[in-house]
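Asks: First, the structure itself, so that you have it in front of you.
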There are 2 protein chains.
Amino acid sequence: MDFSSFLTSLITSFVIFVVLMALFTWLSGRPGNKVIYYSNRLLKGMDPSDGGSYASCSPFVWIREALSSSEQDVIKMSGVDTAVYFVFLSTVLGILALSGIVLLPVLLPVAATDDTPNKSLNTTSNGTFSDLDKFSMGYVPAYKHIAALRAAALMSPEVRAEQFVVLVRDIPPAPEGQTRKEQVDSYFKSIYPDTFYRSLIVTNNKEVNKIYKELEGCKKKLVRTETIYAESKTTGKPEGTRPTKKTSFLGLIGKKLDSIEYYSEKISELTPKLEAEQKATLRDKQQAAALVFFTSRVTAASAAQSLHATKLDTWNVMDAPRPHQVIWTNLTIKLFERQIRQYIIYVIVALTIFFCTIPITFVSAFMTLENLKIYLPFLKPIVNNAAIRTVLEAYLPQIALIVFLALLPKLLLFLSKLEGIPSQSHIERAASGKYFYFTVLNVFIGVTVGGTLFATFKTIEKNPNSLLTVLAASLPVNATFFLTYVALRTFVAYGLELSQIVPLIIFHLKKKYLCKTEAEIKEAWYPGDLGYATRVPGDMLIITITLCYSVIAPLIIPFGVVYFGLGWLILRNQALKVYVPSYESYGRMWPHMHMRILAALLLYQLTMFAYFGVKKFYYASFLVLLIILTLIFAYVCNKKFYRFFRDPALEVALHELKEMPHMERIFRTYVPPSLCSEKVEDDQFEDALSQVSRAGSFA
Amino acid sequence: MDFSSFLTSLITSFVIFVVLMALFTWLSGRPGNKVIYYSNRLLKGMDPSDGGSYASCSPFVWIREALSSSEQDVIKMSGVDTAVYFVFLSTVLGILALSGIVLLPVLLPVAATDDTPNKSLNTTSNGTFSDLDKFSMGYVPAYKHIAALRAAALMSPEVRAEQFVVLVRDIPPAPEGQTRKEQVDSYFKSIYPDTFYRSLIVTNNKEVNKIYKELEGCKKKLVRTETIYAESKTTGKPEGTRPTKKTSFLGLIGKKLDSIEYYSEKISELTPKLEAEQKATLRDKQQAAALVFFTSRVTAASAAQSLHATKLDTWNVMDAPRPHQVIWTNLTIKLFERQIRQYIIYVIVALTIFFCTIPITFVSAFMTLENLKIYLPFLKPIVNNAAIRTVLEAYLPQIALIVFLALLPKLLLFLSKLEGIPSQSHIERAASGKYFYFTVLNVFIGVTVGGTLFATFKTIEKNPNSLLTVLAASLPVNATFFLTYVALRTFVAYGLELSQIVPLIIFHLKKKYLCKTEAEIKEAWYPGDLGYATRVPGDMLIITITLCYSVIAPLIIPFGVVYFGLGWLILRNQALKVYVPSYESYGRMWPHMHMRILAALLLYQLTMFAYFGVKKFYYASFLVLLIILTLIFAYVCNKKFYRFFRDPALEVALHELKEMPHMERIFRTYVPPSLCSEKVEDDQFEDALSQVSRAGSFA
């Protein structure tokens, strides 16, 4: 890639960004779009124009707002996880910005004169080491800060249901003559006589969920049909034309029925069925897992960390996920099955990473023009056009790759869920880890070493030490490619992010053609979350690229700085106004981010070491010291802080609550909606009142 | 080594064994020796002739006694650790005996016809695999059995002080205006308001220990002097000749003093000094570690496993060692210092293992005849004799090796203690692990591959896979050597063990020339413990050798069987009658034994694999399956059982006690003897009574 085409690509990206910014300024001012641009505020019951941004559409307003927002604002609007993400962004930004300021004036001339490493490079690179070392030590405060954020959130006097609950798995078979519930209750009552409140046995909800879903669907459709009917009346159609529905095959054929009657009937038919199934589920479908509720946070925190039984594949206790993050179907998977699943998934992911060309090939094989004609017959006239055909044929493999990459996060989330992880936030962390390895290994190493990897594989096999040399030697070739890549990611991705063009278009289309009821409209604009599972690995890739290429192409540093600076700014706006977090893990993502930043740093040091080796700059061996220091630093951080991100610390759980916890309310938040019924007060839940009075005497 | 010399060595060993057995039969019958042969029974206040063995000196009596003793007898006489050791012995014995019965009839003829592997070998080796697999699966019951033994001991209704205590380390600096004790008390009182009893701050006892030791020494010497004086009176010497003592240089020069007066004066001088120092220590030398006492076993068990502070280098809580196992000086070492120490020790041990020739050379360099003449001048006439000189010069290197090997366990114990481990039993486990690696790597691999290791190192470097081939190829050469070694270990070591010749001689010498008082005599015969730290690695070496060589020299199996059978028998006798356990860890050694048996099995499978490879017997690749199975088995066992051996399970701590624990007595057991004084009721211990009354209301 020569300089002019590099410049062209850069300018194109920037122009796209400017256009998207302009679009944002224009669109966000229109009242009909406020549900897209201020969804988080609206959902929190705040006025979108709060702070004046809605009234004035100038871009400086939202930038000022983002810059002036404090960490506490972010926590209030979007939770601790989001605040942690911003600490991550600003830490990386700090590292890159400072290295840029220190190194660019010196390294740029050196890089320009190219492969004659001399004494001056020595001094500058030494400067690099110690500075970067200092920056990386800047993580300790960052780590401390995040641990404090987490502690503050967990110590909060607010009653948080999950702090009173532990998850019990691998319950052994109940003894003869005891129900599962009696077994669990007596076990925990004997160990925690003063603080045990009650237990909720996990049930097999497959059947009841199915009925519940059908019932809810019918209720929704009834509301929708009634709205249409009401509309049709107001628009002056004859009063008799009530909406109709056909009985079979997607409502296209069969007997015509009055829709409102049909759904009402269906609802009155399903309601008793649901109630019966709820009772049956609670009675007969109890599984070997339970949620146990305590009246004290300290007891719950301590129970979550303690070994209860002598055999580790029985009575496994851990801290409970938040109510809406619980993956019910995973709770009942047995210990060794979880282990086996985990290893199988690891193997599958490793195979996906190393042979990702195979699914891509598979996708491309499917996406031949012939197949398109068969499965998407309406494309036939387009495909038959010779000119379009040529273009399509040329681009199909790329499209296949894009499709594969678009599907990958979903696949990784699905695979992580299969591991048997009990909470949604943990699944996202696991998927994020997998995605990180995928991007770094495939995009970075794959594109860098490229097609030559298999050619050089024999060299590497003969002399494993040459791996780094090969890596370092291939760096210069790809430097421009990655400069372009970072620029593209910065301008186009963040431009799309800020302007929210895609969700906006989808919302307007849905609103116009599909949505009838208020609930449906709200569903259409309801925002997603920041999506750490894919966002963090994406950022990590940029860090890795920027650091590694800074050795040979220091110009990449400002691009990295712009990426993280712009990212911080735009995402701050989005976090404050648009996205609604779907879960809260109080910063449990941080240790992973931290480890991966250090991994990037290590890869950077290794690349530098190898590159200097290729350039025969032998003072580089001092770098080994730096590498060892990085490893020690990673070890110390992990040792010092990690366990607090895994286990609840007792001194944190100790803090006083604002009010007496309403235990029955806490219990209710954990009952799955499909089992929530006014009439299911008996059976499993029957002892609720007696328990309350019992526990009350200890409170 | 040809067959005749092998036979000679075998017969020699056996003859030594028979002689030692005869000696044992003769000596154990003599009343003066009963303190050596029945010390455990005597110390437990039992009649040594219990069961008739003392009256009749026939060897069959003790054998019958050993065979008829139950596991409960062993636990009663020698603790759970010893019972676990017997499970280990009998498990290994079972594996070897069964393989011997199954394999010998088939393998012996095959081994005789030597290097023509044919179909018959295939079947037999397959037999080997599946049988051994079955035997190794026999560990699961063994593991379960030991977990049950441990659980039973921990659930016992006896009050065990250590179950009410946790050890707290890395206490952060006390806030302004608070003493260390106030800080610890308020911290734990707030977390465990109902069950906290009191705390014992670890103090720097160096000074007070010194004074205490001096005082105790004086008291002992006073008793001794008085005994001598009383004796001299009875033997008719003039009444005036009281024992005297000179003031300086080992009592050889200086003013003559009356000993009894001198020691009495010294004692009355030291006693107030000790009291003053005790007070000063308790007040001013409080360290950043403490023992915290709870009134409930469940709370203590749960506290020992819970994370207390958000920062992991503060408030580290773990289960407390038993009172007499506490290594006080190690308690105050900070977390990261412990970590660093550990890694340094690991490096030192690794260097010792790989370069053990260096200290041996160092020892031999010191042990030249010239040095001997200088440092041990009385040897001069002997050394100057030409004949003896020649013999000595020839044997000195071997003697150096023996000296080194004799000092090694002490060195490893010393190194393990330096790691900062807080309990004696843990130190022994750590030392045992180090010793295991030392013996297996040095004795087994070292002797097997021998001097050729460095010669073949280049081959291995070029092709790492050839390591196993080299190992396998060198096996046959050394088979006879190891047969002899196992025989020697069996007959000579166990003969010495049973006959207790060495302790007996030492005891009689001491009794005759040194001991004056009853206490001194008791000290002279007081038995040691079984010494797992060196015994287990020794056994592990025999297992490794037997298993690995069984592939090419199946004859080694009966030797292994005899080793473990005889060992079981003789040690059973020793455990029941002689040794007194110095600590009790309730079988925490087992997971390590188990892992090392599996490691031996794995090494055996690898050797077999390599040996069959050398013999070009390609069906051996099925062995890979077996190796994978072994690894999975190890993983499952570890996952399922290990944590219970590390952490106290709550359901175990839950069981009811026979009596209300006397908390003050429990507290007192943990006060170091040098701080135990009738007068130190004030100061640190002042609040004892008030605490008791407070805790009493919750009990």
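Scheme for the structure tokens: letters A, B, ... for chains in order shown; per-chain residue numbers from 1; ligand numbers from 1 in order shown.
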For a quick test of understanding: name the residues of chain B lying within 7 Å of chain A when counting only C-alpha atoms, and present them as a list in words.

Replies: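 So the contacting residues turn out to be Ile191, Ser302, Gln305, Ser306, Leu307, His308, Ala309, Thr310, Lys311, Leu312, Asp313, Lys640, Phe641, Phe644, Asp647, Pro648, Ala649, Leu650, Glu651 and Leu654 of chain B.
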
Asks: Name the residues in contact with Arg341 (chain B) at a cut-off of 10 Å, using only C-alpha atoms, excluding same-chain residues fewer than 6 positions from it; report them as a PyMOL selection string.

Replies: chain B and resi 333+335+347+415-416+418-420

Asks: Print the selection's residues with N, CA and C atoms to a file, as a tab-separated table (two decimals), in the first residue's frame.

Replies:
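Written file, again-v3.tsv:
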```tsv
chain	number	residue	atom	x	y	z
B	333	ILE	N	5.53	-13.23	59.05
B	333	ILE	CA	6.10	-12.91	57.73
B	333	ILE	C	4.97	-12.45	56.81
B	335	LEU	N	2.73	-11.46	53.42
B	335	LEU	CA	2.32	-12.27	52.26
B	335	LEU	C	3.35	-12.30	51.13
B	347	VAL	N	13.89	-22.44	43.90
B	347	VAL	CA	15.06	-22.37	43.03
B	347	VAL	C	16.23	-23.09	43.69
B	415	LEU	N	14.93	-25.66	54.89
B	415	LEU	CA	14.52	-24.82	53.76
B	415	LEU	C	13.01	-24.61	53.76
B	416	SER	N	12.27	-25.70	54.02
B	416	SER	CA	10.81	-25.58	54.03
B	416	SER	C	10.35	-24.63	55.12
B	418	LEU	N	11.97	-22.09	56.16
B	418	LEU	CA	12.29	-20.73	55.71
B	418	LEU	C	11.23	-20.17	54.79
B	419	GLU	N	10.42	-21.06	54.18
B	419	GLU	CA	9.38	-20.59	53.27
B	419	GLU	C	8.34	-19.72	53.98
B	420	GLY	N	8.27	-19.86	55.30
B	420	GLY	CA	7.27	-19.08	56.04
B	420	GLY	C	6.00	-19.86	56.32
```
